[in-house]
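**Q** Below is a structure I'd like to ask you about.
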Amino acid sequence: MHLGAGYSLENGADGDAELGDRLVFSGSLMVSTIGAIDQDVRTLDGPLSSIDVSGVEEMDTVGAWTVLSISREHNVEIFGADDRASRLIEAVSSAHSDADVLPERTHIFERVPLAVGKQLSGWMSGLLTFLSFLGGLIVAIGSVIRHPRRFRMKALIRQMELVGVSSLGIIGLMSFLIGIVISQQGAVQLAQFGAEALTVNLTGRISLRELGVLMTAIMVAGRSGSAFAAQIGTMKLTEEVDAMRTIGISPMEALVLPRILAATFMMPLLGAYAAGMAIVGGAFIADVSLGIPFMTFLSRIQEVVPTYDLWVGLLKAPVFGLIIGLAGCYQGMQVKDNSEQVGKRTTAAVVQAIFMVIVLDAFFAVFFTELGWA
């Protein structure tokens, strides 16, 4: 059991008050006990003539550092230390450094350009790395086209199952609920203008044209894009990717290409499925709360929704799938050093995929409007 740390101030050896008091430590100067007196001894005002540690029974590194700090602050000597305490104080003293704890803050005219330069350098390095990744992917596609038997069809089917079939439940439920929200809220707002009958138009067009594909892309990015990054990143850390290269298997052909193709191929199917479920959800709530029969709602959809709305959604879907696959696989291939990178790269894959999907959706909105598909 450690004794508590203690201290006292005694007159100097010569009894001269001008020389200052002698600081006498006692008890145990350990990390677990010195906290009780640490603040008091650091704020001593009067001059000190010396520090006496002869009464100290135990001392660890923290205690030695505290005694040494006070000694340097008041420029006084330490005496009374036994052999162990002396070696400890000497070791702590040899590790002392006068360097600033915080680096000197540079002037704003130097700091800002330096930060901007580092940011630009990081962006350029990231761009070059991504272009290198795209180059490797194009080479892999060319190699597979020249040698079709090298293409891993089983891997593609497995990834299509994971991206598409396994996500039907969550995407269907989400789309059904979104359809209910659109129809319900649309009816409430349109009723203020006496146009609640246009709820069918609103639900059908927004589901087929925008929300069906967009919400599906966000779900696929969060579910499959993150899985791509985590799976490939873990294989990089365990050196499985390097092992594949060693035995002559291209990671681009075996890991990246099947995943990107699976996301690209499955997105149109999932987008159409999500739009259909949203319309069913809208028809359900219209039948329950708006007095519009379920089958009448569905038949009305065919009359009021132009066919090009379906094409707009279907044309955007594979592009979104391609972006999600590229982001997930690219971030996974950039994992290195430690497992923390897997989490960071997985998060980056989801964020980049969703950001790019929304940017491209805005671009498609303007593009199709210019084509007259508004």
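Ordered as shown in the structure tokens, chains take letters A, B, and onward, while each chain numbers its residues from 1 and ligands are numbered from 1 in the order shown.
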Got a sec: who's within 9 Å of A:Gly20, counting only C-alpha atoms, leaving out chain neighbours fewer than 6 positions off, as a list in words?
**A**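 Counting only C-alpha atoms, the residues come to Glu10, Asn11, Gly12, Gly46, Pro47, Leu48, Ser49 and Ser50 of chain A.
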**Q** Produce a file of the selected residues containing N, CA, C and O atoms, as an mmCIF file, in the first residue's frame.
**A**
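Saved result, selection.cif, follows:
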data_model
loop_
_atom_site.group_PDB
_atom_site.id
_atom_site.type_symbol
_atom_site.label_atom_id
_atom_site.label_comp_id
_atom_site.auth_asym_id
_atom_site.auth_seq_id
_atom_site.Cartn_x
_atom_site.Cartn_y
_atom_site.Cartn_z
ATOM 1 N N GLU A 10 10.823 24.292 5.343
ATOM 2 C CA GLU A 10 11.631 24.525 6.540
ATOM 3 C C GLU A 10 12.654 25.612 6.248
ATOM 4 O O GLU A 10 13.016 25.843 5.090
ATOM 5 N N ASN A 11 13.107 26.245 7.317
ATOM 6 C CA ASN A 11 14.119 27.295 7.140
ATOM 7 C C ASN A 11 15.395 26.715 6.551
ATOM 8 O O ASN A 11 15.716 25.549 6.735
ATOM 9 N N GLY A 12 16.104 27.571 5.861
ATOM 10 C CA GLY A 12 17.339 27.115 5.246
ATOM 11 C C GLY A 12 18.355 26.634 6.280
ATOM 12 O O GLY A 12 18.218 26.876 7.485
ATOM 13 N N GLY A 46 7.471 31.683 -2.508
ATOM 14 C CA GLY A 46 8.723 32.122 -1.926
ATOM 15 C C GLY A 46 9.947 31.485 -2.559
ATOM 16 O O GLY A 46 9.847 30.441 -3.226
ATOM 17 N N PRO A 47 11.108 32.085 -2.383
ATOM 18 C CA PRO A 47 12.336 31.469 -2.913
ATOM 19 C C PRO A 47 12.663 30.194 -2.149
ATOM 20 O O PRO A 47 12.356 30.060 -0.960
ATOM 21 N N LEU A 48 13.282 29.250 -2.822
ATOM 22 C CA LEU A 48 13.698 27.986 -2.217
ATOM 23 C C LEU A 48 15.216 27.926 -2.193
ATOM 24 O O LEU A 48 15.885 28.383 -3.131
ATOM 25 N N SER A 49 15.731 27.349 -1.116
ATOM 26 C CA SER A 49 17.183 27.192 -1.011
ATOM 27 C C SER A 49 17.643 25.823 -1.477
ATOM 28 O O SER A 49 18.755 25.666 -1.980
ATOM 29 N N SER A 50 16.774 24.810 -1.319
ATOM 30 C CA SER A 50 17.125 23.459 -1.748
ATOM 31 C C SER A 50 15.881 22.576 -1.678
ATOM 32 O O SER A 50 14.837 22.982 -1.162
#
**Q** Counting only C-alpha atoms, which of A:Ala155, A:Leu134, A:Met267, A:Val165 gets nearest to A:Val319?
**A**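 Smallest distance to A:Val319 is found for A:Met267.
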**Q** Contacts of stretch 353-362 of chain A at 8 Å or less, counting only C-alpha atoms, minus same-chain residues fewer than 3 places along, as a PDB file with all heavy atoms, in the first residue's frame?
**A**
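Printed below is part-v6.pdb as written:
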ATOM      1  N   LEU A 214     -32.746   7.127 -57.812  1.00  0.00           N
ATOM      2  CA  LEU A 214     -31.841   7.849 -56.907  1.00  0.00           C
ATOM      3  C   LEU A 214     -31.761   7.180 -55.540  1.00  0.00           C
ATOM      4  O   LEU A 214     -30.656   6.973 -55.000  1.00  0.00           O
ATOM      5  CB  LEU A 214     -32.300   9.301 -56.768  1.00  0.00           C
ATOM      6  CG  LEU A 214     -31.388  10.220 -55.954  1.00  0.00           C
ATOM      7  CD1 LEU A 214     -30.009  10.290 -56.587  1.00  0.00           C
ATOM      8  CD2 LEU A 214     -31.994  11.612 -55.838  1.00  0.00           C
ATOM      9  N   ALA A 217     -29.861   3.984 -55.802  1.00  0.00           N
ATOM     10  CA  ALA A 217     -28.410   4.207 -55.897  1.00  0.00           C
ATOM     11  C   ALA A 217     -27.812   4.486 -54.522  1.00  0.00           C
ATOM     12  O   ALA A 217     -26.725   3.989 -54.189  1.00  0.00           O
ATOM     13  CB  ALA A 217     -28.124   5.369 -56.846  1.00  0.00           C
ATOM     14  N   ILE A 218     -28.502   5.270 -53.712  1.00  0.00           N
ATOM     15  CA  ILE A 218     -27.997   5.571 -52.363  1.00  0.00           C
ATOM     16  C   ILE A 218     -27.947   4.296 -51.519  1.00  0.00           C
ATOM     17  O   ILE A 218     -26.984   4.051 -50.777  1.00  0.00           O
ATOM     18  CB  ILE A 218     -28.868   6.651 -51.699  1.00  0.00           C
ATOM     19  CG1 ILE A 218     -28.695   7.982 -52.443  1.00  0.00           C
ATOM     20  CG2 ILE A 218     -28.523   6.811 -50.230  1.00  0.00           C
ATOM     21  CD1 ILE A 218     -29.609   9.085 -51.962  1.00  0.00           C
ATOM     22  N   ALA A 221     -25.097   2.129 -52.821  1.00  0.00           N
ATOM     23  CA  ALA A 221     -23.799   2.691 -52.413  1.00  0.00           C
ATOM     24  C   ALA A 221     -23.496   2.364 -50.961  1.00  0.00           C
ATOM     25  O   ALA A 221     -22.366   1.999 -50.611  1.00  0.00           O
ATOM     26  CB  ALA A 221     -23.793   4.206 -52.622  1.00  0.00           C
ATOM     27  N   GLY A 225     -21.468  -0.765 -52.243  1.00  0.00           N
ATOM     28  CA  GLY A 225     -20.234  -0.005 -52.441  1.00  0.00           C
ATOM     29  C   GLY A 225     -19.314  -0.120 -51.236  1.00  0.00           C
ATOM     30  O   GLY A 225     -18.096  -0.292 -51.369  1.00  0.00           O
ATOM     31  N   LYS A 316     -30.298   6.408 -66.569  1.00  0.00           N
ATOM     32  CA  LYS A 316     -29.426   6.896 -65.500  1.00  0.00           C
ATOM     33  C   LYS A 316     -28.892   5.764 -64.637  1.00  0.00           C
ATOM     34  O   LYS A 316     -27.771   5.830 -64.114  1.00  0.00           O
ATOM     35  CB  LYS A 316     -30.195   7.878 -64.596  1.00  0.00           C
ATOM     36  CG  LYS A 316     -30.539   9.184 -65.256  1.00  0.00           C
ATOM     37  CD  LYS A 316     -31.056  10.183 -64.247  1.00  0.00           C
ATOM     38  CE  LYS A 316     -32.356   9.764 -63.618  1.00  0.00           C
ATOM     39  NZ  LYS A 316     -32.919  10.802 -62.742  1.00  0.00           N
ATOM     40  N   PHE A 320     -25.150   5.266 -62.653  1.00  0.00           N
ATOM     41  CA  PHE A 320     -25.026   5.315 -61.195  1.00  0.00           C
ATOM     42  C   PHE A 320     -24.348   4.043 -60.681  1.00  0.00           C
ATOM     43  O   PHE A 320     -23.501   4.094 -59.777  1.00  0.00           O
ATOM     44  CB  PHE A 320     -26.404   5.462 -60.545  1.00  0.00           C
ATOM     45  CG  PHE A 320     -27.064   6.791 -60.788  1.00  0.00           C
ATOM     46  CD1 PHE A 320     -28.390   7.003 -60.440  1.00  0.00           C
ATOM     47  CD2 PHE A 320     -26.366   7.835 -61.367  1.00  0.00           C
ATOM     48  CE1 PHE A 320     -28.997   8.224 -60.658  1.00  0.00           C
ATOM     49  CE2 PHE A 320     -26.971   9.067 -61.596  1.00  0.00           C
ATOM     50  CZ  PHE A 320     -28.287   9.258 -61.239  1.00  0.00           C
ATOM     51  N   ILE A 323     -20.612   4.244 -61.266  1.00  0.00           N
ATOM     52  CA  ILE A 323     -19.962   5.138 -60.302  1.00  0.00           C
ATOM     53  C   ILE A 323     -19.798   4.449 -58.945  1.00  0.00           C
ATOM     54  O   ILE A 323     -18.741   4.530 -58.294  1.00  0.00           O
ATOM     55  CB  ILE A 323     -20.790   6.431 -60.153  1.00  0.00           C
ATOM     56  CG1 ILE A 323     -20.774   7.227 -61.462  1.00  0.00           C
ATOM     57  CG2 ILE A 323     -20.257   7.278 -59.010  1.00  0.00           C
ATOM     58  CD1 ILE A 323     -19.405   7.680 -61.891  1.00  0.00           C
ATOM     59  N   ILE A 324     -20.837   3.757 -58.507  1.00  0.00           N
ATOM     60  CA  ILE A 324     -20.780   3.080 -57.201  1.00  0.00           C
ATOM     61  C   ILE A 324     -19.709   1.985 -57.213  1.00  0.00           C
ATOM     62  O   ILE A 324     -18.921   1.849 -56.273  1.00  0.00           O
ATOM     63  CB  ILE A 324     -22.161   2.493 -56.860  1.00  0.00           C
ATOM     64  CG1 ILE A 324     -23.172   3.616 -56.646  1.00  0.00           C
ATOM     65  CG2 ILE A 324     -22.079   1.602 -55.617  1.00  0.00           C
ATOM     66  CD1 ILE A 324     -24.609   3.141 -56.576  1.00  0.00           C
ATOM     67  N   ALA A 327     -16.158   3.618 -57.286  1.00  0.00           N
ATOM     68  CA  ALA A 327     -15.780   4.219 -55.998  1.00  0.00           C
ATOM     69  C   ALA A 327     -15.425   3.141 -54.978  1.00  0.00           C
ATOM     70  O   ALA A 327     -14.413   3.246 -54.274  1.00  0.00           O
ATOM     71  CB  ALA A 327     -16.911   5.104 -55.483  1.00  0.00           C
ATOM     72  N   GLY A 328     -16.250   2.100 -54.884  1.00  0.00           N
ATOM     73  CA  GLY A 328     -15.995   1.046 -53.901  1.00  0.00           C
ATOM     74  C   GLY A 328     -14.705   0.291 -54.182  1.00  0.00           C
ATOM     75  O   GLY A 328     -13.881   0.093 -53.280  1.00  0.00           O
ATOM     76  N   ALA A 349     -15.622   5.581 -49.769  1.00  0.00           N
ATOM     77  CA  ALA A 349     -16.295   4.996 -50.928  1.00  0.00           C
ATOM     78  C   ALA A 349     -17.775   5.360 -50.940  1.00  0.00           C
ATOM     79  O   ALA A 349     -18.330   5.732 -51.991  1.00  0.00           O
ATOM     80  CB  ALA A 349     -16.127   3.476 -50.916  1.00  0.00           C
ATOM     81  N   VAL A 350     -18.424   5.285 -49.794  1.00  0.00           N
ATOM     82  CA  VAL A 350     -19.859   5.606 -49.719  1.00  0.00           C
ATOM     83  C   VAL A 350     -20.094   7.088 -49.978  1.00  0.00           C
ATOM     84  O   VAL A 350     -20.982   7.467 -50.754  1.00  0.00           O
ATOM     85  CB  VAL A 350     -20.417   5.188 -48.339  1.00  0.00           C
ATOM     86  CG1 VAL A 350     -21.877   5.606 -48.223  1.00  0.00           C
ATOM     87  CG2 VAL A 350     -20.281   3.689 -48.149  1.00  0.00           C
ATOM     88  N   ALA A 365     -30.766  15.763 -65.128  1.00  0.00           N
ATOM     89  CA  ALA A 365     -32.024  16.530 -65.104  1.00  0.00           C
ATOM     90  C   ALA A 365     -31.988  17.634 -66.155  1.00  0.00           C
ATOM     91  O   ALA A 365     -32.951  17.834 -66.907  1.00  0.00           O
ATOM     92  CB  ALA A 365     -32.248  17.106 -63.711  1.00  0.00           C
ATOM     93  N   VAL A 366     -30.860  18.340 -66.205  1.00  0.00           N
ATOM     94  CA  VAL A 366     -30.724  19.412 -67.204  1.00  0.00           C
ATOM     95  C   VAL A 366     -30.637  18.828 -68.611  1.00  0.00           C
ATOM     96  O   VAL A 366     -31.262  19.336 -69.552  1.00  0.00           O
ATOM     97  CB  VAL A 366     -29.468  20.256 -66.887  1.00  0.00           C
ATOM     98  CG1 VAL A 366     -29.262  21.321 -67.957  1.00  0.00           C
ATOM     99  CG2 VAL A 366     -29.582  20.881 -65.506  1.00  0.00           C
TER     100      VAL A 366
END
**Q** Find the spatial neighbours of stretch 138-143 of chain A, counting only C-alpha atoms, within a cut-off of 8 Å - ignore same-chain residues fewer than 3 positions away - and output them as a PDB file with N, CA, C and O atoms, in the first residue's frame.
**A**
ATOM      1  N   LEU A 134      -8.045   3.569 -63.370  1.00  0.00           N
ATOM      2  CA  LEU A 134      -8.864   3.441 -64.583  1.00  0.00           C
ATOM      3  C   LEU A 134      -8.070   2.782 -65.703  1.00  0.00           C
ATOM      4  O   LEU A 134      -8.606   1.954 -66.457  1.00  0.00           O
ATOM      5  N   GLY A 135      -6.786   3.167 -65.820  1.00  0.00           N
ATOM      6  CA  GLY A 135      -5.951   2.545 -66.845  1.00  0.00           C
ATOM      7  C   GLY A 135      -5.835   1.053 -66.636  1.00  0.00           C
ATOM      8  O   GLY A 135      -5.951   0.258 -67.582  1.00  0.00           O
ATOM      9  N   ARG A 146      -9.953 -10.016 -75.312  1.00  0.00           N
ATOM     10  CA  ARG A 146      -9.079 -10.850 -76.149  1.00  0.00           C
ATOM     11  C   ARG A 146      -9.113 -12.318 -75.737  1.00  0.00           C
ATOM     12  O   ARG A 146      -8.968 -13.203 -76.572  1.00  0.00           O
ATOM     13  N   HIS A 147      -9.310 -12.536 -74.428  1.00  0.00           N
ATOM     14  CA  HIS A 147      -9.328 -13.920 -73.921  1.00  0.00           C
ATOM     15  C   HIS A 147     -10.595 -14.104 -73.077  1.00  0.00           C
ATOM     16  O   HIS A 147     -10.539 -14.050 -71.838  1.00  0.00           O
ATOM     17  N   SER A 250      -4.686 -11.554 -62.237  1.00  0.00           N
ATOM     18  CA  SER A 250      -4.850 -10.104 -62.176  1.00  0.00           C
ATOM     19  C   SER A 250      -5.970  -9.757 -61.203  1.00  0.00           C
ATOM     20  O   SER A 250      -7.112 -10.177 -61.395  1.00  0.00           O
ATOM     21  N   MET A 252      -7.444  -7.001 -60.976  1.00  0.00           N
ATOM     22  CA  MET A 252      -8.438  -6.226 -61.720  1.00  0.00           C
ATOM     23  C   MET A 252      -9.459  -7.150 -62.387  1.00  0.00           C
ATOM     24  O   MET A 252     -10.652  -6.860 -62.408  1.00  0.00           O
ATOM     25  N   GLU A 253      -8.981  -8.255 -62.943  1.00  0.00           N
ATOM     26  CA  GLU A 253      -9.894  -9.189 -63.606  1.00  0.00           C
ATOM     27  C   GLU A 253     -10.691 -10.022 -62.604  1.00  0.00           C
ATOM     28  O   GLU A 253     -11.866 -10.307 -62.827  1.00  0.00           O
ATOM     29  N   LEU A 257     -13.327  -6.150 -61.769  1.00  0.00           N
ATOM     30  CA  LEU A 257     -14.235  -6.192 -62.923  1.00  0.00           C
ATOM     31  C   LEU A 257     -15.582  -6.845 -62.601  1.00  0.00           C
ATOM     32  O   LEU A 257     -16.634  -6.287 -62.951  1.00  0.00           O
TER      33      LEU A 257
END
**Q** Tell me which protein, DNA and RNA residues are within 10 Å of A:Val181, counting only C-alpha atoms, leaving out same-chain ones fewer than 6 positions away, and put them as a list in words.
**A** Ser175, Ala187, Thr203, Ala278, Gly281, Gly282 and Ile285 of chain A
**Q** Only all heavy atoms, please: the residues just picked out, written as a PDB file, in the first residue's frame.
**A**
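Result went into again-v4.pdb, see below:
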ATOM      1  N   SER A 175     -38.777   1.623 -50.866  1.00  0.00           N
ATOM      2  CA  SER A 175     -39.498   2.259 -51.970  1.00  0.00           C
ATOM      3  C   SER A 175     -40.996   2.289 -51.706  1.00  0.00           C
ATOM      4  O   SER A 175     -41.680   3.272 -52.038  1.00  0.00           O
ATOM      5  CB  SER A 175     -39.199   1.502 -53.267  1.00  0.00           C
ATOM      6  OG  SER A 175     -37.817   1.481 -53.526  1.00  0.00           O
ATOM      7  N   ALA A 187     -50.921  14.586 -51.983  1.00  0.00           N
ATOM      8  CA  ALA A 187     -52.370  14.796 -51.954  1.00  0.00           C
ATOM      9  C   ALA A 187     -52.728  15.951 -51.027  1.00  0.00           C
ATOM     10  O   ALA A 187     -53.609  16.778 -51.348  1.00  0.00           O
ATOM     11  CB  ALA A 187     -53.061  13.512 -51.497  1.00  0.00           C
ATOM     12  N   THR A 203     -47.034  10.989 -58.155  1.00  0.00           N
ATOM     13  CA  THR A 203     -46.410   9.749 -57.664  1.00  0.00           C
ATOM     14  C   THR A 203     -45.759   8.970 -58.806  1.00  0.00           C
ATOM     15  O   THR A 203     -44.625   8.470 -58.675  1.00  0.00           O
ATOM     16  CB  THR A 203     -47.468   8.872 -56.975  1.00  0.00           C
ATOM     17  OG1 THR A 203     -48.111   9.621 -55.950  1.00  0.00           O
ATOM     18  CG2 THR A 203     -46.834   7.626 -56.378  1.00  0.00           C
ATOM     19  N   ALA A 278     -42.639   1.817 -55.310  1.00  0.00           N
ATOM     20  CA  ALA A 278     -43.094   3.144 -54.873  1.00  0.00           C
ATOM     21  C   ALA A 278     -44.492   3.433 -55.408  1.00  0.00           C
ATOM     22  O   ALA A 278     -45.349   4.000 -54.704  1.00  0.00           O
ATOM     23  CB  ALA A 278     -42.099   4.212 -55.348  1.00  0.00           C
ATOM     24  N   GLY A 281     -46.910   1.489 -53.390  1.00  0.00           N
ATOM     25  CA  GLY A 281     -47.121   2.161 -52.115  1.00  0.00           C
ATOM     26  C   GLY A 281     -48.037   3.358 -52.258  1.00  0.00           C
ATOM     27  O   GLY A 281     -48.920   3.579 -51.418  1.00  0.00           O
ATOM     28  N   GLY A 282     -47.847   4.142 -53.327  1.00  0.00           N
ATOM     29  CA  GLY A 282     -48.726   5.282 -53.565  1.00  0.00           C
ATOM     30  C   GLY A 282     -50.153   4.846 -53.816  1.00  0.00           C
ATOM     31  O   GLY A 282     -51.111   5.472 -53.322  1.00  0.00           O
ATOM     32  N   ILE A 285     -51.837   3.764 -50.394  1.00  0.00           N
ATOM     33  CA  ILE A 285     -52.302   4.838 -49.515  1.00  0.00           C
ATOM     34  C   ILE A 285     -53.440   5.623 -50.175  1.00  0.00           C
ATOM     35  O   ILE A 285     -54.327   6.157 -49.484  1.00  0.00           O
ATOM     36  CB  ILE A 285     -51.133   5.775 -49.137  1.00  0.00           C
ATOM     37  CG1 ILE A 285     -51.485   6.622 -47.908  1.00  0.00           C
ATOM     38  CG2 ILE A 285     -50.765   6.680 -50.286  1.00  0.00           C
ATOM     39  CD1 ILE A 285     -51.669   5.809 -46.655  1.00  0.00           C
TER      40      ILE A 285
END
**Q** Please report the interatomic distance between atom CA of A:Gln352 and atom CA of A:Leu162 in Å with one decimal.
**A**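 Value for the atom CA of A:Gln352-atom CA of A:Leu162 distance: 21.0 Å.
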**Q** Excluding A:Asp38 and residues on its chain fewer than 6 positions from it, collect all residues at most 12 Å away from it, counting only C-alpha atoms, and give them as a list of chain:residue names.
**A**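 The filter keeps A:Ala5, A:Gly6, A:Tyr7, A:Phe25, A:Leu29, A:Met30, A:Val31, A:Ser32, A:Leu44, A:Val62, A:Gly63, A:Trp65, A:Thr66, A:Val67, A:Ser69, A:Ile70.
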**Q** Need the shell around A:Arg84: protein/DNA/RNA residues with any atom at most 10 Å away, counting only C-alpha atoms. Skip same-chain ones fewer than 5 positions apart. Format as a PyMOL selection string?
**A** chain A and resi 58-60+89-90
**Q** Could you pull out all residues of stretch 247-343 of chain A with a DSSP call of alpha helix (DSSP H) and give them as JSON, numbers by chain?
**A** {"A": [251, 257, 258, 259, 260, 261, 262, 263, 264, 265, 266, 267, 268, 269, 270, 271, 272, 273, 274, 275, 276, 277, 278, 279, 280, 281, 282, 283, 284, 285, 294, 295, 296, 297, 298, 299, 300, 301, 302, 303, 304, 307, 308, 309, 310, 311, 312, 313, 314, 315, 316, 317, 318, 319, 320, 321, 322, 323, 324, 325, 326, 327, 328, 329, 330, 331, 332, 333, 340, 341, 342, 343]}
